[in-house]
Amino acid sequence: MSDYCAAPGLLPFDSALENMLSQITPVTDTLSIPINQSLNYVLAIDITSPLNVPNHDNSAMDGYAFAIESIKKASTLTLVGRSMAGAPFEGECKIGECIRIMTGAKMPVSCDTVEMQENVQVSEDNISFLEDKQCGAHVRKVGEDIKLGQTVLRQGHKLSAVDIGVLASLGISTVKVFRQLKVAIIATGDELKLPGQMLESGDIYETNSFVLCAMLEKLNIEVINFGIIEDDFAAIKEAFIEADSQADAVISSGGVSVGEADFTKMVLDDLGEIGFWKIAMKPGKPFAFGKLPNSIFFGLPGNPVSALVTFHQLALVALTKMQHAVELTRTSLQVKCIHDLKKSPGRMDFQRGVLSVDAQGENVVASTGAQGSGILSSLAKANCYIILPAEQGKVKAGEIVTIQLFDSYIV
Ligand code: AMP
Ligand code: MG
């Protein structure tokens with residue numbers, strides 16, 4: 001927890017995150033689903049391997065299998081059979097003999113080594129070996145990938161495309177996972193119109209629900225989209241009550257400032273238990289977190305950059321915990337910043353940056369330019385955050401800064 005106090009009334013980012021996470025209870029309901037529908041679900045059990053992978057010694061090459069003793073005695077061996085993937089040679093291969101073998105085919109009993117076909121000379125059934133071989137060459141050993149009984153994936157792990165392949169390779173057809181979360185999203189604002197509609201004077205296109213839907217989909221969360229709700233106490237209250245009755249979490253955007261049309265706080269005071277926060281972060285100062293009667297509530301700021309960054313840095317972390325997922329992989333690096341950055345002490349900045357490799361092969365970061373909280377293109381161009389701690393002032397070109405690479409939820 002940061003003890004930096006130069007921004008009175010603002011909650012340090014780390015305290016906000018810690019406080020929020022301490023109030024999140026992970027889901028416990030589980031279900032069994034076919035592995036081909038399990039992408040991004042969170043495992044409810046440890047997976048232990050029911051077999052060795054591979055489950056028999058097999059050839060890594062198209063070539064010839066033999067016992068190493070054979071080519072110590074003679075460089076030409078007699079071909080006595082073939083072993084194909086799925087059609088193994090079940091006979092005996094004696095000293096002085098070899099077997100034609102294909103990639104993935106089971107090693108014949110009494111063979112321990114394979115030579116690739118490019119390195120032999122074939123004359124009818126006589127195979128001449130041109131090079132010395134190490135015992136075991138080009139043989140994939142039983143269990144060299146995964147051993148019988150080994151823990152392969154742990155409870156709380158979010159299943160990736162590769163994990164689904166691993167499950168298939170173990171012969172596992174269904175997995176036990178935690179149920180999907182349901183999240184309701186509500187965009188508030190009289191000025192908001194849907195893309196495709198005509199804009200009237202003073203209107204803008206609604207952006208936040210589109211970004212949130214896409215990110216929630218990547219999180220494997222079922223979205224209940226309430227669309228645009230006008231800046232009206234009764235309308236917002238009705239939407240919140242309906243959303244709370246259907247969802248595990250409710251996310252609104254807009255209306256969390258203290259302007260005349262900012263009703264979110266009032267509705268929350270009326271319906272639930274609310275921590276209404278001003279967080280010492282930029283973008284994103286106004287952010288609400290709390291509990292409605294049946295669900296968790298996140299109130300994001302309206303500005304699209306603020307909404308996205310607070311969702312990504314705060315709400316998403318909480319939703320991941322709620323999904324029962326143990327890991328959220330975000331990589332931070334220390335790199336040189338190639339130009340000056342504006343910053344006043346007081347809030348933790350999540351500036352948008354582009355990490356690249358310069359002509360000397362060194363990692364360097366540049367700003368994406370104007371950082372206003374309404375400038376969504378500053379995020380679209382970026383591949384990382386430049387995270388500047390609250391107490392930090394401006395950055396001079398050449399200074400080392402901390403960056404956080406964008407994870408797959410944001411790109
Ligand atoms: P508010 O928090 O409601 O005061 O909104 C702050 C700013 O964000 C205003 O300029 C709003 O027009 C804008 N805004 C609010 N909600 C959205 C939205 N869903 N999409 C795009 N811009 C929004
Ligand atoms: Mg508004």
# chains A, B, ... in the order shown; residues from 1 in each chain; ligands from 1
$ residues_near_ligand --ligand "ligand 1" --cutoff "9 Å" --atoms "only C-alpha atoms and all ligand atoms" --output "VMD selection string"
chain A and resid 186 to 193 203 to 210 228 231 252 to 259 261 to 262 286 300 to 307 373 to 374
$ write_last_selection --atoms "N, CA and C atoms" --output "compact mmCIF listing (two decimals), in the first residue's frame"
# COMPACT_ATOMS: atom_id res chain seq x y z
N ILE A 186 -24.24 -0.92 -18.56
CA ILE A 186 -25.20 0.19 -18.70
C ILE A 186 -24.41 1.44 -19.06
N ALA A 187 -24.74 2.07 -20.17
CA ALA A 187 -24.10 3.34 -20.53
C ALA A 187 -25.08 4.46 -20.20
N THR A 188 -24.65 5.42 -19.39
CA THR A 188 -25.56 6.52 -19.06
C THR A 188 -25.15 7.79 -19.80
N GLY A 189 -26.11 8.54 -20.27
CA GLY A 189 -25.82 9.83 -20.90
C GLY A 189 -26.85 10.21 -21.94
N ASP A 190 -27.44 11.43 -21.78
CA ASP A 190 -28.43 11.93 -22.74
C ASP A 190 -27.83 12.22 -24.11
N GLU A 191 -26.50 12.42 -24.14
CA GLU A 191 -25.83 12.80 -25.39
C GLU A 191 -25.46 11.60 -26.25
N LEU A 192 -25.71 10.38 -25.75
CA LEU A 192 -25.19 9.19 -26.42
C LEU A 192 -26.14 8.65 -27.48
N LYS A 193 -25.59 8.34 -28.64
CA LYS A 193 -26.36 7.70 -29.73
C LYS A 193 -25.60 6.46 -30.16
N ASP A 203 -24.65 15.68 -29.65
CA ASP A 203 -24.59 14.23 -29.42
C ASP A 203 -23.21 13.66 -29.73
N ILE A 204 -22.93 12.51 -29.17
CA ILE A 204 -21.72 11.75 -29.53
C ILE A 204 -22.11 10.28 -29.63
N TYR A 205 -21.24 9.50 -30.26
CA TYR A 205 -21.51 8.07 -30.35
C TYR A 205 -21.09 7.36 -29.08
N GLU A 206 -21.93 6.44 -28.68
CA GLU A 206 -21.68 5.64 -27.48
C GLU A 206 -20.56 4.65 -27.77
N THR A 207 -19.54 4.67 -26.96
CA THR A 207 -18.32 3.89 -27.21
C THR A 207 -18.09 2.83 -26.15
N ASN A 208 -18.37 3.20 -24.90
CA ASN A 208 -17.90 2.36 -23.80
C ASN A 208 -18.49 0.95 -23.80
N SER A 209 -19.80 0.85 -24.10
CA SER A 209 -20.39 -0.49 -24.03
C SER A 209 -19.78 -1.41 -25.09
N PHE A 210 -19.34 -0.82 -26.20
CA PHE A 210 -18.75 -1.65 -27.26
C PHE A 210 -17.40 -2.20 -26.83
N ILE A 228 -28.18 2.22 -23.74
CA ILE A 228 -28.03 3.60 -23.25
C ILE A 228 -29.20 3.96 -22.34
N ASP A 231 -30.00 10.31 -18.59
CA ASP A 231 -29.59 10.88 -17.31
C ASP A 231 -30.83 11.26 -16.50
N SER A 252 -21.52 0.24 -14.87
CA SER A 252 -22.08 1.39 -15.58
C SER A 252 -20.94 2.28 -16.02
N SER A 253 -21.19 3.11 -17.02
CA SER A 253 -20.19 4.14 -17.35
C SER A 253 -20.90 5.48 -17.43
N GLY A 254 -20.16 6.51 -17.02
CA GLY A 254 -20.70 7.87 -17.03
C GLY A 254 -21.46 8.16 -15.75
N GLY A 255 -21.70 9.47 -15.54
CA GLY A 255 -22.53 9.88 -14.42
C GLY A 255 -21.92 9.68 -13.04
N VAL A 256 -20.60 9.46 -12.99
CA VAL A 256 -19.98 9.28 -11.66
C VAL A 256 -19.25 10.53 -11.17
N SER A 257 -19.30 11.59 -11.98
CA SER A 257 -18.67 12.83 -11.52
C SER A 257 -19.65 13.52 -10.57
N VAL A 258 -19.49 14.80 -10.38
CA VAL A 258 -20.41 15.50 -9.47
C VAL A 258 -21.19 16.57 -10.23
N GLY A 259 -21.35 16.35 -11.55
CA GLY A 259 -22.11 17.30 -12.37
C GLY A 259 -23.61 17.18 -12.08
N ALA A 261 -25.94 16.21 -13.97
CA ALA A 261 -26.61 15.05 -14.55
C ALA A 261 -25.95 13.75 -14.10
N ASP A 262 -25.21 13.79 -13.00
CA ASP A 262 -24.49 12.60 -12.55
C ASP A 262 -25.25 11.92 -11.42
N PRO A 286 -12.69 9.53 -11.08
CA PRO A 286 -13.93 9.06 -10.44
C PRO A 286 -14.20 7.60 -10.79
N LEU A 300 -17.84 3.08 -13.79
CA LEU A 300 -16.69 3.61 -14.52
C LEU A 300 -16.95 5.06 -14.91
N PRO A 301 -15.88 5.85 -15.07
CA PRO A 301 -16.06 7.20 -15.59
C PRO A 301 -16.58 7.15 -17.03
N GLY A 302 -17.10 8.26 -17.52
CA GLY A 302 -17.68 8.27 -18.87
C GLY A 302 -16.65 8.40 -19.98
N ASN A 303 -15.61 9.18 -19.74
CA ASN A 303 -14.62 9.36 -20.81
C ASN A 303 -14.08 8.00 -21.25
N PRO A 304 -14.08 7.73 -22.55
CA PRO A 304 -13.73 6.39 -23.01
C PRO A 304 -12.35 5.88 -22.54
N VAL A 305 -11.35 6.74 -22.51
CA VAL A 305 -10.03 6.25 -22.07
C VAL A 305 -10.08 5.92 -20.57
N SER A 306 -10.74 6.80 -19.82
CA SER A 306 -10.84 6.56 -18.37
C SER A 306 -11.64 5.28 -18.10
N ALA A 307 -12.73 5.11 -18.85
CA ALA A 307 -13.57 3.92 -18.67
C ALA A 307 -12.76 2.66 -18.95
N SER A 373 -8.25 12.21 -21.64
CA SER A 373 -9.00 11.01 -21.30
C SER A 373 -10.14 10.74 -22.28
N GLY A 374 -10.35 11.66 -23.24
CA GLY A 374 -11.34 11.38 -24.27
C GLY A 374 -10.69 10.89 -25.56
$ residues_around --residues "stretch 352-369 of chain A" --least-positions-apart "4" --cutoff "8 Å" --atoms "only C-alpha atoms" --output "compact mmCIF listing (two decimals) with N, CA and C atoms, in the first residue's frame"
# COMPACT_ATOMS: atom_id res chain seq x y z
N VAL A 335 12.33 0.29 -19.05
CA VAL A 335 12.94 0.65 -20.34
C VAL A 335 13.17 2.15 -20.41
N LYS A 336 14.00 2.53 -21.38
CA LYS A 336 14.33 3.95 -21.56
C LYS A 336 13.20 4.65 -22.30
N CYS A 337 12.83 5.82 -21.78
CA CYS A 337 11.80 6.63 -22.45
C CYS A 337 12.51 7.60 -23.38
N ILE A 338 12.08 7.67 -24.64
CA ILE A 338 12.89 8.43 -25.61
C ILE A 338 12.56 9.91 -25.67
N HIS A 339 11.53 10.35 -24.94
CA HIS A 339 11.32 11.80 -24.90
C HIS A 339 10.73 12.22 -23.56
N LEU A 341 8.16 13.38 -20.74
CA LEU A 341 6.73 13.11 -20.49
C LEU A 341 6.23 14.12 -19.47
N SER A 378 -5.32 7.32 -28.46
CA SER A 378 -4.07 7.18 -27.70
C SER A 378 -3.92 5.73 -27.21
N LEU A 379 -5.04 5.07 -27.00
CA LEU A 379 -4.98 3.66 -26.59
C LEU A 379 -4.87 2.74 -27.79
N LYS A 381 -3.32 3.19 -30.49
CA LYS A 381 -1.95 3.15 -31.06
C LYS A 381 -0.96 2.45 -30.14
N ALA A 382 -1.35 2.28 -28.86
CA ALA A 382 -0.37 1.84 -27.85
C ALA A 382 -0.21 0.33 -27.82
N ASN A 383 0.94 -0.13 -27.29
CA ASN A 383 1.10 -1.55 -26.97
C ASN A 383 1.49 -1.76 -25.51
N CYS A 384 1.54 -0.65 -24.76
CA CYS A 384 1.85 -0.77 -23.32
C CYS A 384 1.38 0.48 -22.58
N TYR A 385 1.31 0.34 -21.26
CA TYR A 385 1.15 1.51 -20.40
C TYR A 385 2.53 1.96 -19.96
N ILE A 386 2.71 3.26 -19.84
CA ILE A 386 3.88 3.78 -19.13
C ILE A 386 3.33 4.14 -17.75
$ residues_around --residues "A:Leu10" --least-positions-apart "5" --cutoff "10 Å" --atoms "only C-alpha atoms" --output "mmCIF file with C-alpha atoms, in the first residue's frame"
data_model
loop_
_atom_site.group_PDB
_atom_site.id
_atom_site.type_symbol
_atom_site.label_atom_id
_atom_site.label_comp_id
_atom_site.auth_asym_id
_atom_site.auth_seq_id
_atom_site.Cartn_x
_atom_site.Cartn_y
_atom_site.Cartn_z
ATOM 1 C CA CYS A 5 -0.412 11.596 0.739
ATOM 2 C CA ALA A 16 -8.297 0.871 -4.090
ATOM 3 C CA TRP A 277 -14.093 6.652 -4.708
ATOM 4 C CA LYS A 278 -11.887 9.246 -6.158
ATOM 5 C CA ILE A 279 -8.784 7.285 -7.024
ATOM 6 C CA ALA A 280 -5.339 8.841 -7.354
ATOM 7 C CA MET A 281 -4.946 7.564 -10.894
ATOM 8 C CA LYS A 285 -10.195 9.684 -11.048
ATOM 9 C CA PRO A 286 -13.926 9.060 -10.437
ATOM 10 C CA GLY A 346 -0.351 13.504 -7.138
ATOM 11 C CA ARG A 347 -1.813 10.651 -9.167
#
$ closest_residue --among "A:Asp46, A:Tyr409, A:Glu230, A:Asn58" --to "ligand 2" --atoms "only C-alpha atoms and all ligand atoms"
A:Glu230
$ select_by_dssp --residues "stretch 60-89 of chain A" --states "strand (DSSP E or B)" --output "VMD selection string"
chain A and resid 63 to 66 76 to 84 87
$ select_by_dssp --residues "stretch 166-334 of chain A" --states "helix (DSSP H, G or I)" --output "ChimeraX atom specification"
/A:166-169,208-218,233-246,264-271,304-322
$ closest_residue --among "A:Asp232, A:Glu273, A:Glu391, A:Glu200" --to "ligand 2" --atoms "only C-alpha atoms and all ligand atoms"
A:Asp232
$ residues_around --residues "A:Asn225" --least-positions-apart "5" --cutoff "12 Å" --atoms "only C-alpha atoms" --output "number ranges by chain"
A: 182-187, 208-214, 216, 239-240, 242-243, 246-247, 250-252
$ decode --residues "stretch 253-265 of chain A" --atoms "all heavy atoms" --output "PDB file, in the first residue's frame"
ATOM      1  N   SER A 253     -21.190   3.115 -17.016  1.00  0.00           N
ATOM      2  CA  SER A 253     -20.193   4.139 -17.348  1.00  0.00           C
ATOM      3  C   SER A 253     -20.898   5.480 -17.425  1.00  0.00           C
ATOM      4  O   SER A 253     -22.073   5.563 -17.788  1.00  0.00           O
ATOM      5  CB  SER A 253     -19.476   3.827 -18.661  1.00  0.00           C
ATOM      6  OG  SER A 253     -20.311   4.103 -19.757  1.00  0.00           O
ATOM      7  N   GLY A 254     -20.165   6.514 -17.025  1.00  0.00           N
ATOM      8  CA  GLY A 254     -20.701   7.875 -17.031  1.00  0.00           C
ATOM      9  C   GLY A 254     -21.462   8.162 -15.755  1.00  0.00           C
ATOM     10  O   GLY A 254     -21.786   7.261 -14.964  1.00  0.00           O
ATOM     11  N   GLY A 255     -21.702   9.468 -15.545  1.00  0.00           N
ATOM     12  CA  GLY A 255     -22.530   9.881 -14.416  1.00  0.00           C
ATOM     13  C   GLY A 255     -21.920   9.680 -13.042  1.00  0.00           C
ATOM     14  O   GLY A 255     -22.641   9.709 -12.046  1.00  0.00           O
ATOM     15  N   VAL A 256     -20.597   9.464 -12.985  1.00  0.00           N
ATOM     16  CA  VAL A 256     -19.984   9.277 -11.663  1.00  0.00           C
ATOM     17  C   VAL A 256     -19.252  10.526 -11.170  1.00  0.00           C
ATOM     18  O   VAL A 256     -18.658  10.515 -10.113  1.00  0.00           O
ATOM     19  CB  VAL A 256     -18.990   8.074 -11.606  1.00  0.00           C
ATOM     20  CG1 VAL A 256     -19.723   6.770 -11.496  1.00  0.00           C
ATOM     21  CG2 VAL A 256     -18.025   8.092 -12.760  1.00  0.00           C
ATOM     22  N   SER A 257     -19.297  11.591 -11.985  1.00  0.00           N
ATOM     23  CA  SER A 257     -18.669  12.829 -11.517  1.00  0.00           C
ATOM     24  C   SER A 257     -19.653  13.516 -10.569  1.00  0.00           C
ATOM     25  O   SER A 257     -20.587  12.899 -10.070  1.00  0.00           O
ATOM     26  CB  SER A 257     -18.338  13.740 -12.694  1.00  0.00           C
ATOM     27  OG  SER A 257     -17.739  12.994 -13.713  1.00  0.00           O
ATOM     28  N   VAL A 258     -19.494  14.803 -10.382  1.00  0.00           N
ATOM     29  CA  VAL A 258     -20.412  15.500  -9.474  1.00  0.00           C
ATOM     30  C   VAL A 258     -21.189  16.574 -10.228  1.00  0.00           C
ATOM     31  O   VAL A 258     -21.642  17.545  -9.650  1.00  0.00           O
ATOM     32  CB  VAL A 258     -19.651  16.099  -8.264  1.00  0.00           C
ATOM     33  CG1 VAL A 258     -19.290  15.004  -7.289  1.00  0.00           C
ATOM     34  CG2 VAL A 258     -18.419  16.861  -8.718  1.00  0.00           C
ATOM     35  N   GLY A 259     -21.350  16.353 -11.545  1.00  0.00           N
ATOM     36  CA  GLY A 259     -22.108  17.301 -12.367  1.00  0.00           C
ATOM     37  C   GLY A 259     -23.607  17.177 -12.082  1.00  0.00           C
ATOM     38  O   GLY A 259     -24.045  16.281 -11.346  1.00  0.00           O
ATOM     39  N   GLU A 260     -24.376  18.067 -12.698  1.00  0.00           N
ATOM     40  CA  GLU A 260     -25.817  18.095 -12.421  1.00  0.00           C
ATOM     41  C   GLU A 260     -26.545  16.875 -12.964  1.00  0.00           C
ATOM     42  O   GLU A 260     -27.646  16.560 -12.542  1.00  0.00           O
ATOM     43  CB  GLU A 260     -26.424  19.368 -13.013  1.00  0.00           C
ATOM     44  CG  GLU A 260     -26.119  20.564 -12.132  1.00  0.00           C
ATOM     45  CD  GLU A 260     -26.629  21.864 -12.710  1.00  0.00           C
ATOM     46  OE1 GLU A 260     -27.481  21.824 -13.628  1.00  0.00           O
ATOM     47  OE2 GLU A 260     -26.150  22.913 -12.242  1.00  0.00           O
ATOM     48  N   ALA A 261     -25.936  16.215 -13.965  1.00  0.00           N
ATOM     49  CA  ALA A 261     -26.607  15.046 -14.551  1.00  0.00           C
ATOM     50  C   ALA A 261     -25.950  13.751 -14.103  1.00  0.00           C
ATOM     51  O   ALA A 261     -26.081  12.720 -14.747  1.00  0.00           O
ATOM     52  CB  ALA A 261     -26.587  15.162 -16.074  1.00  0.00           C
ATOM     53  N   ASP A 262     -25.208  13.786 -13.004  1.00  0.00           N
ATOM     54  CA  ASP A 262     -24.486  12.602 -12.548  1.00  0.00           C
ATOM     55  C   ASP A 262     -25.250  11.916 -11.418  1.00  0.00           C
ATOM     56  O   ASP A 262     -25.082  12.223 -10.242  1.00  0.00           O
ATOM     57  CB  ASP A 262     -23.063  12.990 -12.117  1.00  0.00           C
ATOM     58  CG  ASP A 262     -22.242  13.447 -13.322  1.00  0.00           C
ATOM     59  OD1 ASP A 262     -22.493  12.923 -14.430  1.00  0.00           O
ATOM     60  OD2 ASP A 262     -21.385  14.311 -13.163  1.00  0.00           O
ATOM     61  N   PHE A 263     -26.096  10.966 -11.829  1.00  0.00           N
ATOM     62  CA  PHE A 263     -27.022  10.347 -10.877  1.00  0.00           C
ATOM     63  C   PHE A 263     -26.532   9.029 -10.302  1.00  0.00           C
ATOM     64  O   PHE A 263     -27.158   8.481  -9.404  1.00  0.00           O
ATOM     65  CB  PHE A 263     -28.382  10.098 -11.559  1.00  0.00           C
ATOM     66  CG  PHE A 263     -29.081  11.364 -11.942  1.00  0.00           C
ATOM     67  CD1 PHE A 263     -29.195  11.750 -13.268  1.00  0.00           C
ATOM     68  CD2 PHE A 263     -29.616  12.178 -10.947  1.00  0.00           C
ATOM     69  CE1 PHE A 263     -29.839  12.915 -13.618  1.00  0.00           C
ATOM     70  CE2 PHE A 263     -30.263  13.363 -11.289  1.00  0.00           C
ATOM     71  CZ  PHE A 263     -30.368  13.736 -12.635  1.00  0.00           C
ATOM     72  N   THR A 264     -25.433   8.516 -10.824  1.00  0.00           N
ATOM     73  CA  THR A 264     -25.021   7.169 -10.420  1.00  0.00           C
ATOM     74  C   THR A 264     -24.873   7.074  -8.904  1.00  0.00           C
ATOM     75  O   THR A 264     -25.397   6.153  -8.273  1.00  0.00           O
ATOM     76  CB  THR A 264     -23.703   6.797 -11.120  1.00  0.00           C
ATOM     77  OG1 THR A 264     -23.888   6.978 -12.515  1.00  0.00           O
ATOM     78  CG2 THR A 264     -23.316   5.359 -10.864  1.00  0.00           C
ATOM     79  N   LYS A 265     -24.182   8.047  -8.325  1.00  0.00           N
ATOM     80  CA  LYS A 265     -23.920   7.995  -6.882  1.00  0.00           C
ATOM     81  C   LYS A 265     -25.239   8.007  -6.090  1.00  0.00           C
ATOM     82  O   LYS A 265     -25.411   7.222  -5.159  1.00  0.00           O
ATOM     83  CB  LYS A 265     -23.047   9.184  -6.484  1.00  0.00           C
ATOM     84  CG  LYS A 265     -22.686   9.202  -5.007  1.00  0.00           C
ATOM     85  CD  LYS A 265     -21.788  10.396  -4.729  1.00  0.00           C
ATOM     86  CE  LYS A 265     -21.308  10.504  -3.293  1.00  0.00           C
ATOM     87  NZ  LYS A 265     -22.200  10.114  -2.253  1.00  0.00           N
TER      88      LYS A 265
END
